[in-house]
>>> print(open('structure-v5.cif').read())   # mmCIF, C-alpha atoms
data_target
#
loop_
_atom_site.group_PDB
_atom_site.id
_atom_site.type_symbol
_atom_site.label_atom_id
_atom_site.label_comp_id
_atom_site.auth_asym_id
_atom_site.auth_seq_id
_atom_site.Cartn_x
_atom_site.Cartn_y
_atom_site.Cartn_z
ATOM 1 C CA MET A 1 6.890 4.368 33.016
ATOM 2 C CA PHE A 2 5.050 1.392 34.514
ATOM 3 C CA ASP A 3 2.075 3.079 36.185
ATOM 4 C CA THR A 4 -0.280 5.871 35.124
ATOM 5 C CA THR A 5 0.731 8.251 32.332
ATOM 6 C CA THR A 6 -1.079 11.467 33.109
ATOM 7 C CA GLY A 7 0.408 14.792 32.069
ATOM 8 C CA GLU A 8 1.790 15.230 35.578
ATOM 9 C CA ASP A 9 3.310 11.723 35.554
ATOM 10 C CA VAL A 10 5.080 12.389 32.260
ATOM 11 C CA PHE A 11 6.294 15.780 33.470
ATOM 12 C CA VAL A 12 7.769 14.334 36.679
ATOM 13 C CA SER A 13 9.606 11.604 34.733
ATOM 14 C CA VAL A 14 10.967 13.997 32.129
ATOM 15 C CA PHE A 15 11.972 16.642 34.654
ATOM 16 C CA GLU A 16 13.857 14.049 36.706
ATOM 17 C CA LEU A 17 15.716 13.072 33.549
ATOM 18 C CA LEU A 18 16.575 16.698 32.791
ATOM 19 C CA LYS A 19 18.010 17.152 36.298
ATOM 20 C CA LYS A 20 19.958 13.885 36.057
ATOM 21 C CA TYR A 21 21.781 15.054 32.924
ATOM 22 C CA ASP A 22 21.956 18.697 34.020
ATOM 23 C CA LEU A 23 19.858 19.982 31.108
ATOM 24 C CA PRO A 24 18.531 23.494 31.936
ATOM 25 C CA LEU A 25 14.989 24.288 30.767
ATOM 26 C CA GLU A 26 16.056 27.736 29.530
ATOM 27 C CA LYS A 27 17.906 25.975 26.702
ATOM 28 C CA LEU A 28 14.836 24.000 25.606
ATOM 29 C CA SER A 29 13.821 25.166 22.122
ATOM 30 C CA SER A 30 10.889 22.900 21.232
ATOM 31 C CA VAL A 31 8.791 19.935 22.322
ATOM 32 C CA ALA A 32 7.137 17.440 19.955
ATOM 33 C CA THR A 33 4.228 15.277 21.116
ATOM 34 C CA ASP A 34 1.723 12.851 19.623
ATOM 35 C CA GLY A 35 -1.166 15.211 20.344
ATOM 36 C CA ALA A 36 -2.657 13.085 23.157
ATOM 37 C CA PRO A 37 -4.676 15.031 25.785
ATOM 38 C CA SER A 38 -2.250 14.033 28.526
ATOM 39 C CA MET A 39 0.492 15.717 26.508
ATOM 40 C CA THR A 40 -1.275 18.817 25.165
ATOM 41 C CA GLY A 41 -4.052 19.520 27.703
ATOM 42 C CA LYS A 42 -4.416 23.247 28.451
ATOM 43 C CA ASN A 43 -4.298 22.906 32.228
ATOM 44 C CA LYS A 44 -2.691 19.605 33.230
ATOM 45 C CA GLY A 45 -1.009 18.509 30.015
ATOM 46 C CA PHE A 46 2.684 17.687 29.996
ATOM 47 C CA VAL A 47 3.656 20.575 27.708
ATOM 48 C CA GLU A 48 1.714 23.133 29.743
ATOM 49 C CA ARG A 49 3.221 21.814 32.970
ATOM 50 C CA LEU A 50 6.695 22.008 31.438
ATOM 51 C CA GLN A 51 6.035 25.571 30.253
ATOM 52 C CA LYS A 52 5.025 26.675 33.754
ATOM 53 C CA LYS A 53 8.212 25.171 35.148
ATOM 54 C CA ALA A 54 10.319 26.931 32.513
ATOM 55 C CA ASN A 55 8.700 30.284 33.450
ATOM 56 C CA GLU A 56 9.378 30.040 37.185
ATOM 57 C CA ASN A 57 12.535 32.192 37.145
ATOM 58 C CA VAL A 58 12.271 34.056 33.872
ATOM 59 C CA GLU A 59 9.767 33.753 31.019
ATOM 60 C CA HIS A 60 10.991 31.276 28.446
ATOM 61 C CA LYS A 61 8.847 30.221 25.512
ATOM 62 C CA PHE A 62 9.539 27.120 23.437
ATOM 63 C CA HIS A 63 7.908 25.781 20.273
ATOM 64 C CA ARG A 64 5.189 23.152 20.543
ATOM 65 C CA THR A 65 4.878 20.792 17.593
ATOM 66 C CA HIS A 66 2.999 17.639 16.685
ATOM 67 C CA CYS A 67 5.398 14.743 15.979
ATOM 68 C CA ILE A 68 5.925 14.763 12.226
ATOM 69 C CA ILE A 69 6.010 10.959 11.935
ATOM 70 C CA HIS A 70 2.760 10.716 13.877
ATOM 71 C CA GLN A 71 1.221 13.303 11.534
ATOM 72 C CA GLU A 72 2.282 11.164 8.598
ATOM 73 C CA VAL A 73 0.623 8.084 10.101
ATOM 74 C CA LEU A 74 -2.583 10.064 10.692
ATOM 75 C CA CYS A 75 -2.571 11.255 7.087
ATOM 76 C CA THR A 76 -2.462 7.664 5.864
ATOM 77 C CA LYS A 77 -5.876 7.152 7.486
ATOM 78 C CA VAL A 78 -7.296 9.339 4.714
ATOM 79 C CA ILE A 79 -6.598 6.488 2.296
ATOM 80 C CA ASN A 80 -9.877 4.646 2.737
ATOM 81 C CA MET A 81 -8.760 1.171 1.731
ATOM 82 C CA ALA A 82 -10.129 -0.974 4.534
ATOM 83 C CA HIS A 83 -11.819 -3.187 1.930
ATOM 84 C CA VAL A 84 -8.318 -4.075 0.699
ATOM 85 C CA ILE A 85 -6.491 -4.335 4.023
ATOM 86 C CA ARG A 86 -9.096 -6.478 5.780
ATOM 87 C CA PRO A 87 -9.054 -9.459 3.350
ATOM 88 C CA VAL A 88 -5.248 -9.334 3.085
ATOM 89 C CA LYS A 89 -4.964 -9.380 6.872
ATOM 90 C CA GLN A 90 -7.359 -12.335 7.125
ATOM 91 C CA MET A 91 -5.541 -14.391 4.491
ATOM 92 C CA VAL A 92 -2.046 -13.632 5.765
ATOM 93 C CA ASN A 93 -2.940 -14.277 9.377
ATOM 94 C CA PHE A 94 -4.722 -17.521 8.471
ATOM 95 C CA ILE A 95 -1.403 -18.767 7.124
ATOM 96 C CA ARG A 96 0.872 -17.214 9.741
ATOM 97 C CA SER A 97 -1.145 -17.802 12.917
ATOM 98 C CA ARG A 98 -1.319 -21.567 12.468
ATOM 99 C CA GLY A 99 1.978 -23.448 12.572
ATOM 100 C CA MET A 100 0.792 -26.253 10.301
ATOM 101 C CA ASN A 101 -0.494 -23.832 7.667
ATOM 102 C CA GLN A 102 2.745 -21.867 7.736
ATOM 103 C CA ARG A 103 4.882 -24.996 7.287
ATOM 104 C CA GLN A 104 2.664 -26.306 4.512
ATOM 105 C CA PHE A 105 2.715 -22.971 2.738
ATOM 106 C CA SER A 106 6.522 -22.839 2.930
ATOM 107 C CA MET A 107 6.707 -26.350 1.488
ATOM 108 C CA PHE A 108 4.263 -25.316 -1.245
ATOM 109 C CA LEU A 109 6.437 -22.316 -2.161
ATOM 110 C CA ASN A 110 9.503 -24.542 -2.126
ATOM 111 C CA GLY A 111 7.790 -26.851 -4.595
ATOM 112 C CA LEU A 112 7.182 -23.863 -6.838
ATOM 113 C CA GLU A 113 10.860 -22.890 -6.483
ATOM 114 C CA SER A 114 9.726 -19.488 -5.257
ATOM 115 C CA GLU A 115 12.314 -16.960 -4.128
ATOM 116 C CA TYR A 116 10.199 -16.599 -0.978
ATOM 117 C CA SER A 117 10.386 -20.283 -0.002
ATOM 118 C CA TYR A 118 12.255 -19.529 3.222
ATOM 119 C CA SER A 119 11.049 -16.025 4.070
ATOM 120 C CA GLY A 120 7.367 -16.712 3.349
ATOM 121 C CA LEU A 121 4.816 -14.103 4.412
ATOM 122 C CA PRO A 122 5.533 -11.462 7.081
ATOM 123 C CA TYR A 123 3.000 -11.321 9.911
ATOM 124 C CA PHE A 124 0.409 -8.575 9.491
ATOM 125 C CA THR A 125 0.049 -6.131 12.383
ATOM 126 C CA GLU A 126 -1.783 -2.824 12.597
ATOM 127 C CA VAL A 127 0.378 -1.492 15.451
ATOM 128 C CA ARG A 128 2.981 -0.297 12.943
ATOM 129 C CA TRP A 129 0.656 0.695 10.124
ATOM 130 C CA LEU A 130 3.268 1.616 7.562
ATOM 131 C CA SER A 131 5.099 -1.681 8.053
ATOM 132 C CA CYS A 132 2.192 -3.243 6.172
ATOM 133 C CA SER A 133 3.985 -2.032 3.025
ATOM 134 C CA THR A 134 6.244 -5.086 3.293
ATOM 135 C CA VAL A 135 3.255 -7.378 3.824
ATOM 136 C CA LEU A 136 1.302 -5.926 0.901
ATOM 137 C CA GLU A 137 4.252 -6.153 -1.472
ATOM 138 C CA ARG A 138 4.955 -9.772 -0.524
ATOM 139 C CA PHE A 139 1.262 -10.639 -0.724
ATOM 140 C CA TRP A 140 1.089 -9.088 -4.194
ATOM 141 C CA ASN A 141 4.057 -11.087 -5.425
ATOM 142 C CA LEU A 142 2.640 -14.326 -3.978
ATOM 143 C CA ARG A 143 -1.045 -13.725 -4.743
ATOM 144 C CA ASP A 144 -1.353 -16.632 -7.209
ATOM 145 C CA ALA A 145 0.312 -19.101 -4.834
ATOM 146 C CA ILE A 146 -1.777 -17.798 -1.930
ATOM 147 C CA GLN A 147 -4.975 -18.295 -3.916
ATOM 148 C CA ILE A 148 -4.143 -21.892 -4.810
ATOM 149 C CA PHE A 149 -3.038 -22.733 -1.276
ATOM 150 C CA LEU A 150 -6.063 -21.184 0.458
ATOM 151 C CA GLU A 151 -8.487 -22.753 -1.999
ATOM 152 C CA SER A 152 -7.018 -26.113 -0.992
ATOM 153 C CA LYS A 153 -7.934 -25.145 2.587
ATOM 154 C CA GLU A 154 -11.488 -24.316 1.457
ATOM 155 C CA GLN A 155 -11.052 -20.639 2.298
ATOM 156 C CA ASP A 156 -13.006 -17.893 0.553
ATOM 157 C CA VAL A 157 -10.525 -16.132 -1.710
ATOM 158 C CA SER A 158 -13.007 -14.766 -4.252
ATOM 159 C CA VAL A 159 -11.463 -11.288 -3.999
ATOM 160 C CA LEU A 160 -8.331 -12.652 -5.656
ATOM 161 C CA SER A 161 -10.391 -13.179 -8.817
ATOM 162 C CA ASP A 162 -11.945 -9.708 -8.692
ATOM 163 C CA PRO A 163 -10.045 -7.386 -11.082
ATOM 164 C CA MET A 164 -11.344 -4.233 -9.372
ATOM 165 C CA TRP A 165 -10.175 -5.442 -5.956
ATOM 166 C CA LEU A 166 -6.810 -6.444 -7.386
ATOM 167 C CA GLN A 167 -6.484 -3.021 -8.948
ATOM 168 C CA ASP A 168 -7.085 -1.370 -5.560
ATOM 169 C CA LEU A 169 -4.590 -3.780 -4.006
ATOM 170 C CA SER A 170 -1.944 -2.857 -6.563
ATOM 171 C CA PHE A 171 -2.464 0.833 -5.747
ATOM 172 C CA MET A 172 -2.054 0.118 -2.040
ATOM 173 C CA VAL A 173 1.150 -1.815 -2.723
ATOM 174 C CA ASP A 174 2.630 1.154 -4.557
ATOM 175 C CA ILE A 175 1.424 4.027 -2.355
ATOM 176 C CA THR A 176 2.397 2.341 0.933
ATOM 177 C CA LYS A 177 5.847 1.726 -0.558
ATOM 178 C CA HIS A 178 6.219 5.466 -1.111
ATOM 179 C CA LEU A 179 4.937 6.203 2.390
ATOM 180 C CA SER A 180 7.285 3.657 3.915
ATOM 181 C CA ASN A 181 10.258 5.221 2.128
ATOM 182 C CA LEU A 182 9.278 8.618 3.532
ATOM 183 C CA ASN A 183 8.866 7.123 6.991
ATOM 184 C CA LEU A 184 12.403 5.759 6.923
ATOM 185 C CA LYS A 185 13.786 9.181 5.994
ATOM 186 C CA LEU A 186 12.095 10.723 9.023
ATOM 187 C CA GLN A 187 13.672 8.301 11.496
ATOM 188 C CA GLY A 188 17.149 7.551 12.786
ATOM 189 C CA LYS A 189 19.883 9.353 14.670
ATOM 190 C CA ASN A 190 21.320 12.787 13.969
ATOM 191 C CA GLN A 191 18.077 14.063 12.411
ATOM 192 C CA ILE A 192 17.491 17.810 12.407
ATOM 193 C CA ILE A 193 14.072 19.378 11.966
ATOM 194 C CA THR A 194 15.071 21.345 8.854
ATOM 195 C CA ALA A 195 16.090 18.162 7.001
ATOM 196 C CA ILE A 196 12.918 16.375 8.108
ATOM 197 C CA ASN A 197 10.838 19.305 6.892
ATOM 198 C CA ASP A 198 12.627 19.121 3.526
ATOM 199 C CA HIS A 199 11.689 15.436 3.201
ATOM 200 C CA VAL A 200 8.037 16.239 3.885
ATOM 201 C CA LYS A 201 8.000 19.125 1.386
ATOM 202 C CA ALA A 202 9.600 16.881 -1.235
ATOM 203 C CA PHE A 203 6.969 14.199 -0.631
ATOM 204 C CA LYS A 204 4.174 16.751 -1.068
ATOM 205 C CA CYS A 205 5.667 17.652 -4.445
ATOM 206 C CA LYS A 206 5.824 13.964 -5.312
ATOM 207 C CA LEU A 207 2.129 13.609 -4.462
ATOM 208 C CA ASP A 208 1.326 16.411 -6.912
ATOM 209 C CA LEU A 209 3.409 14.622 -9.532
ATOM 210 C CA PHE A 210 1.664 11.293 -8.810
ATOM 211 C CA LYS A 211 -1.745 12.939 -9.157
ATOM 212 C CA THR A 212 -0.903 14.487 -12.520
ATOM 213 C CA GLN A 213 0.647 11.294 -13.857
ATOM 214 C CA LEU A 214 -2.230 9.084 -12.712
ATOM 215 C CA GLN A 215 -4.731 11.425 -14.337
ATOM 216 C CA ASN A 216 -2.769 10.953 -17.576
ATOM 217 C CA GLU A 217 -2.627 7.162 -17.019
ATOM 218 C CA ASP A 218 1.134 7.356 -16.503
ATOM 219 C CA LEU A 219 2.068 4.623 -14.011
ATOM 220 C CA THR A 220 5.820 5.199 -14.017
ATOM 221 C CA HIS A 221 6.002 5.388 -10.217
ATOM 222 C CA PHE A 222 3.340 2.712 -9.640
ATOM 223 C CA PRO A 223 4.920 -0.541 -10.867
ATOM 224 C CA ALA A 224 2.295 -2.848 -9.325
ATOM 225 C CA CYS A 225 -0.474 -0.893 -11.054
ATOM 226 C CA MET A 226 1.301 -1.392 -14.387
ATOM 227 C CA THR A 227 0.011 -4.966 -14.354
ATOM 228 C CA PHE A 228 -3.429 -3.600 -15.225
ATOM 229 C CA GLN A 229 -2.027 -1.153 -17.755
ATOM 230 C CA ASP A 230 -0.793 -4.164 -19.731
ATOM 231 C CA PHE A 231 -4.400 -5.332 -20.078
ATOM 232 C CA GLN A 232 -5.476 -1.860 -21.118
ATOM 233 C CA TYR A 233 -3.051 -1.969 -24.032
ATOM 234 C CA LEU A 234 -4.585 -5.300 -25.063
ATOM 235 C CA GLU A 235 -8.196 -4.107 -25.053
ATOM 236 C CA ASN A 236 -8.300 -3.680 -28.835
ATOM 237 C CA ASP A 237 -6.898 -7.190 -29.301
ATOM 238 C CA PHE A 238 -9.529 -8.493 -26.900
ATOM 239 C CA ALA A 239 -12.231 -6.754 -28.950
ATOM 240 C CA LEU A 240 -10.908 -8.351 -32.126
ATOM 241 C CA PHE A 241 -10.970 -11.788 -30.494
ATOM 242 C CA THR A 242 -14.473 -11.539 -28.987
ATOM 243 C CA SER A 243 -16.193 -9.455 -31.725
ATOM 244 C CA PRO A 244 -14.474 -10.178 -35.045
ATOM 245 C CA PHE A 245 -17.627 -9.300 -37.059
ATOM 246 C CA SER A 246 -18.286 -5.916 -35.496
ATOM 247 C CA ILE A 247 -14.823 -4.426 -35.116
ATOM 248 C CA ASP A 248 -13.722 -1.957 -37.795
ATOM 249 C CA ALA A 249 -10.892 -3.330 -39.928
ATOM 250 C CA VAL A 250 -9.228 0.079 -39.733
ATOM 251 C CA ASN A 251 -8.629 -0.497 -36.003
ATOM 252 C CA VAL A 252 -6.682 -3.768 -36.348
ATOM 253 C CA PRO A 253 -3.031 -4.320 -37.334
ATOM 254 C CA THR A 254 -2.498 -3.852 -41.047
ATOM 255 C CA ARG A 255 -1.092 -7.370 -41.459
ATOM 256 C CA ILE A 256 -4.508 -8.933 -40.753
ATOM 257 C CA GLN A 257 -6.856 -6.295 -42.191
ATOM 258 C CA MET A 258 -7.401 -8.108 -45.512
ATOM 259 C CA GLU A 259 -7.993 -11.447 -43.790
ATOM 260 C CA LEU A 260 -10.463 -9.863 -41.336
ATOM 261 C CA ILE A 261 -12.470 -8.335 -44.200
ATOM 262 C CA GLU A 262 -12.684 -11.752 -45.863
ATOM 263 C CA ILE A 263 -13.939 -13.328 -42.629
ATOM 264 C CA GLN A 264 -16.477 -10.567 -41.976
ATOM 265 C CA ASN A 265 -18.000 -11.110 -45.396
ATOM 266 C CA ASP A 266 -18.183 -14.895 -45.118
ATOM 267 C CA SER A 267 -21.846 -15.709 -44.345
ATOM 268 C CA ASN A 268 -21.092 -19.265 -43.216
ATOM 269 C CA LEU A 269 -18.465 -18.107 -40.718
ATOM 270 C CA LYS A 270 -20.768 -15.397 -39.432
ATOM 271 C CA ASN A 271 -23.563 -17.903 -38.849
ATOM 272 C CA LYS A 272 -21.136 -20.273 -37.141
ATOM 273 C CA PHE A 273 -19.947 -17.447 -34.875
ATOM 274 C CA ASN A 274 -23.520 -16.594 -33.895
ATOM 275 C CA GLU A 275 -24.172 -20.280 -33.252
ATOM 276 C CA ILE A 276 -21.203 -21.278 -31.067
ATOM 277 C CA GLY A 277 -19.313 -18.070 -30.205
ATOM 278 C CA VAL A 278 -15.741 -17.893 -28.930
ATOM 279 C CA PRO A 279 -13.455 -19.731 -28.492
ATOM 280 C CA ASP A 280 -14.871 -22.700 -30.471
ATOM 281 C CA PHE A 281 -15.538 -20.461 -33.466
ATOM 282 C CA TYR A 282 -11.834 -20.225 -34.267
ATOM 283 C CA ASN A 283 -11.686 -23.954 -34.976
ATOM 284 C CA PHE A 284 -13.563 -23.144 -38.183
ATOM 285 C CA VAL A 285 -11.469 -20.179 -39.299
ATOM 286 C CA PRO A 286 -9.073 -21.081 -42.150
ATOM 287 C CA ILE A 287 -5.431 -20.888 -41.110
#
>>> encode(input="structure-v5.cif", output="structure tokens")
Amino acid sequence: MFDTTTGEDVFVSVFELLKKYDLPLEKLSSVATDGAPSMTGKNKGFVERLQKKANENVEHKFHRTHCIIHQEVLCTKVINMAHVIRPVKQMVNFIRSRGMNQRQFSMFLNGLESEYSYSGLPYFTEVRWLSCSTVLERFWNLRDAIQIFLESKEQDVSVLSDPMWLQDLSFMVDITKHLSNLNLKLQGKNQIITAINDHVKAFKCKLDLFKTQLQNEDLTHFPACMTFQDFQYLENDFALFTSPFSIDAVNVPTRIQMELIEIQNDSNLKNKFNEIGVPDFYNFVPI
């Protein structure tokens, strides 16, 4: 269609197609739309117009459904992560939209012997929202290189040093990957509605599983988020490093408990720690 797309326009085009292929309306079982007013309007919408045509000779009712893939895309809007998407889009498009930047970035990756030297960064677009899964995953894998490169261009990349923002980014990488996998299962030829419905039901069950696991800090199905779980496991070691005189010896590995007690009861070392702090303090700790 190259002109207007009112409900009547769509109906005329579709009905002409039905006549061309000799497809009788009485055999129509259902119609799926994107929910636009021109499609679902009560008086002049395409579906209503089609229903009136189907009832001209004998009453024939068909199912009216909202496109399941479109419903999925709408559901993703519930994930309020604009504060993650916006900076990623700006950084990616800064590199991709300028030929010189893109070539320089590719050369930079080549110098790092990166596996993405030739493929680089995909272009970010919001037209196909779920396709941003590929962009987010690539951005995540190249985040250190992107930070160095953009800093050399005097770009503001402070978010890449913000652990809370990076944590949200890692979640987006993982959840959009799951959504993208579902999206692929809902597309393609020879799809039947029962199989599509099964995929959606399965994904709902997966969401329940994800919720339970995340509440229990189980990141099995969120590999990007595991990066931050590694730091969580090291929190006690961090406490030992930054507060050696206040941590309880019971909470450190047994192999260093005796040594820690000796250090904690050494007045000179304690004074030195209070004077210079970490990391210089450890230059005075006996090996």
>>> closest_residue(input="structure-v5.cif", among="A:Leu179, A:Ala202, A:Leu184, A:Ile85", to="Val159 in chain A", atoms="all atoms listed in the file")
A:Ile85
>>> residues_around(input="structure-v5.cif", residues="Ile95 in chain A", least_positions_apart="6", cutoff="10 Å", atoms="all atoms listed in the file", output="list in words")
Asn101, Gln102, Arg103, Gln104, Phe105, Ser106, Gly120, Leu121, Tyr123, Ile146, Phe149 and Leu150 of chain A
>>> closest_residue(input="structure-v5.cif", among="A:Gly7, A:Pro24, A:Pro122, A:Gly111", to="Phe94 in chain A", atoms="only C-alpha atoms")
A:Pro122
>>> atom_distance(input="structure-v5.cif", atom1="CA of Gln71 in chain A", atom2="CA of Lys53 in chain A")
27.3 Å
>>> residues_around(input="structure-v5.cif", residues="His221 in chain A", least_positions_apart="3", cutoff="10 Å", atoms="all atoms listed in the file", output="PDB file with C-alpha atoms, in the coordinates of the input")
ATOM      1  CA  ASP A 174       2.630   1.154  -4.557  1.00  0.00           C
ATOM      2  CA  ILE A 175       1.424   4.027  -2.355  1.00  0.00           C
ATOM      3  CA  HIS A 178       6.219   5.466  -1.111  1.00  0.00           C
ATOM      4  CA  LYS A 206       5.824  13.964  -5.312  1.00  0.00           C
ATOM      5  CA  LEU A 209       3.409  14.622  -9.532  1.00  0.00           C
ATOM      6  CA  PHE A 210       1.664  11.293  -8.810  1.00  0.00           C
ATOM      7  CA  GLN A 213       0.647  11.294 -13.857  1.00  0.00           C
ATOM      8  CA  LEU A 214      -2.230   9.084 -12.712  1.00  0.00           C
ATOM      9  CA  ASP A 218       1.134   7.356 -16.503  1.00  0.00           C
ATOM     10  CA  ALA A 224       2.295  -2.848  -9.325  1.00  0.00           C
ATOM     11  CA  CYS A 225      -0.474  -0.893 -11.054  1.00  0.00           C
ATOM     12  CA  MET A 226       1.301  -1.392 -14.387  1.00  0.00           C
TER      13      MET A 226
END
>>> resolve_selection(input="structure-v5.cif", expression="the PyMOL selection byres ((chain A and resi 62) around 10)", output="list in words")
Leu25, Glu26, Lys27, Leu28, Ser29, Ser30, Val31, Val47, Leu50, Gln51, Ala54, His60, Lys61, His63, Arg64 and Thr65 of chain A
>>> write_last_selection(input="structure-v5.cif", atoms="C-alpha atoms", output="tab-separated table (two decimals), in the frame of the given file")
chain	number	residue	atom	x	y	z
A	25	LEU	CA	14.99	24.29	30.77
A	26	GLU	CA	16.06	27.74	29.53
A	27	LYS	CA	17.91	25.98	26.70
A	28	LEU	CA	14.84	24.00	25.61
A	29	SER	CA	13.82	25.17	22.12
A	30	SER	CA	10.89	22.90	21.23
A	31	VAL	CA	8.79	19.93	22.32
A	47	VAL	CA	3.66	20.58	27.71
A	50	LEU	CA	6.70	22.01	31.44
A	51	GLN	CA	6.04	25.57	30.25
A	54	ALA	CA	10.32	26.93	32.51
A	60	HIS	CA	10.99	31.28	28.45
A	61	LYS	CA	8.85	30.22	25.51
A	63	HIS	CA	7.91	25.78	20.27
A	64	ARG	CA	5.19	23.15	20.54
A	65	THR	CA	4.88	20.79	17.59
>>> resolve_selection(input="structure-v5.cif", expression="the PyMOL selection byres ((chain A and resi 138) around 10)", output="ChimeraX atom specification")
/A:116,119-122,132-137,139-143,173
>>> closest_residue(input="structure-v5.cif", among="A:Phe171, A:Tyr118, A:Phe46, A:Trp165", to="Pro223 in chain A", atoms="all atoms listed in the file")
A:Phe171
>>> atom_distance(input="structure-v5.cif", atom1="CA of Val278 in chain A", atom2="CA of Thr242 in chain A")
6.5 Å
>>> closest_residue(input="structure-v5.cif", among="A:Lys19, A:Ile68, A:Met100, A:Thr5", to="Ile192 in chain A", atoms="all atoms listed in the file")
A:Ile68
>>> atom_distance(input="structure-v5.cif", atom1="CA of Met39 in chain A", atom2="CA of Phe15 in chain A")
14.1 Å
>>> resolve_selection(input="structure-v5.cif", expression="the PyMOL selection byres ((chain A and resi 241) around 12)", output="list of chain:residue names")
A:Leu234, A:Glu235, A:Asn236, A:Asp237, A:Phe238, A:Ala239, A:Leu240, A:Thr242, A:Ser243, A:Pro244, A:Phe245, A:Ser246, A:Ile247, A:Val252, A:Leu260, A:Phe273, A:Gly277, A:Val278, A:Pro279, A:Asp280, A:Phe281, A:Tyr282
>>> residues_around(input="structure-v5.cif", residues="Ile261 in chain A", least_positions_apart="4", cutoff="9 Å", atoms="all atoms listed in the file", output="number ranges by chain")
A: 245, 249, 256-257, 265-266
>>> residues_around(input="structure-v5.cif", residues="Asn183 in chain A", least_positions_apart="6", cutoff="10 Å", atoms="all atoms listed in the file", output="list in words")
Ile68, Ile69, His70, Glu72, Val73, Leu130, Ser131, Lys177, His199 and Val200 of chain A
>>> closest_residue(input="structure-v5.cif", among="A:Leu182, A:Glu154, A:Arg96, A:Gln167", to="Leu207 in chain A", atoms="all atoms listed in the file")
A:Leu182
>>> decode(input="structure-v5.cif", residues="range 153-164 of chain A", atoms="N, CA and C atoms", output="PDB file, in the first residue's frame")
ATOM      1  N   LYS A 153      38.491  10.065  22.532  1.00  0.00           N
ATOM      2  CA  LYS A 153      37.728  11.022  21.723  1.00  0.00           C
ATOM      3  C   LYS A 153      37.086  12.100  22.608  1.00  0.00           C
ATOM      4  N   GLU A 154      37.488  12.097  23.890  1.00  0.00           N
ATOM      5  CA  GLU A 154      36.982  13.075  24.858  1.00  0.00           C
ATOM      6  C   GLU A 154      35.467  13.019  25.010  1.00  0.00           C
ATOM      7  N   GLN A 155      34.929  11.807  24.967  1.00  0.00           N
ATOM      8  CA  GLN A 155      33.504  11.584  25.181  1.00  0.00           C
ATOM      9  C   GLN A 155      33.246  11.234  26.647  1.00  0.00           C
ATOM     10  N   ASP A 156      32.074  11.608  27.126  1.00  0.00           N
ATOM     11  CA  ASP A 156      31.699  11.303  28.508  1.00  0.00           C
ATOM     12  C   ASP A 156      31.256   9.846  28.597  1.00  0.00           C
ATOM     13  N   VAL A 157      32.064   9.039  29.233  1.00  0.00           N
ATOM     14  CA  VAL A 157      31.735   7.617  29.399  1.00  0.00           C
ATOM     15  C   VAL A 157      31.755   7.261  30.883  1.00  0.00           C
ATOM     16  N   SER A 158      31.364   8.195  31.722  1.00  0.00           N
ATOM     17  CA  SER A 158      31.411   7.984  33.174  1.00  0.00           C
ATOM     18  C   SER A 158      30.537   6.817  33.616  1.00  0.00           C
ATOM     19  N   VAL A 159      29.461   6.541  32.858  1.00  0.00           N
ATOM     20  CA  VAL A 159      28.581   5.429  33.253  1.00  0.00           C
ATOM     21  C   VAL A 159      29.324   4.098  33.221  1.00  0.00           C
ATOM     22  N   LEU A 160      30.352   4.009  32.392  1.00  0.00           N
ATOM     23  CA  LEU A 160      31.091   2.747  32.291  1.00  0.00           C
ATOM     24  C   LEU A 160      31.972   2.492  33.510  1.00  0.00           C
ATOM     25  N   SER A 161      32.035   3.463  34.412  1.00  0.00           N
ATOM     26  CA  SER A 161      32.758   3.280  35.674  1.00  0.00           C
ATOM     27  C   SER A 161      31.798   3.211  36.859  1.00  0.00           C
ATOM     28  N   ASP A 162      30.509   3.220  36.557  1.00  0.00           N
ATOM     29  CA  ASP A 162      29.476   3.177  37.597  1.00  0.00           C
ATOM     30  C   ASP A 162      29.016   1.735  37.784  1.00  0.00           C
ATOM     31  N   PRO A 163      29.359   1.093  38.909  1.00  0.00           N
ATOM     32  CA  PRO A 163      29.000  -0.322  39.097  1.00  0.00           C
ATOM     33  C   PRO A 163      27.501  -0.585  39.082  1.00  0.00           C
ATOM     34  N   MET A 164      26.696   0.370  39.567  1.00  0.00           N
ATOM     35  CA  MET A 164      25.247   0.174  39.570  1.00  0.00           C
ATOM     36  C   MET A 164      24.699   0.203  38.143  1.00  0.00           C
TER      37      MET A 164
END
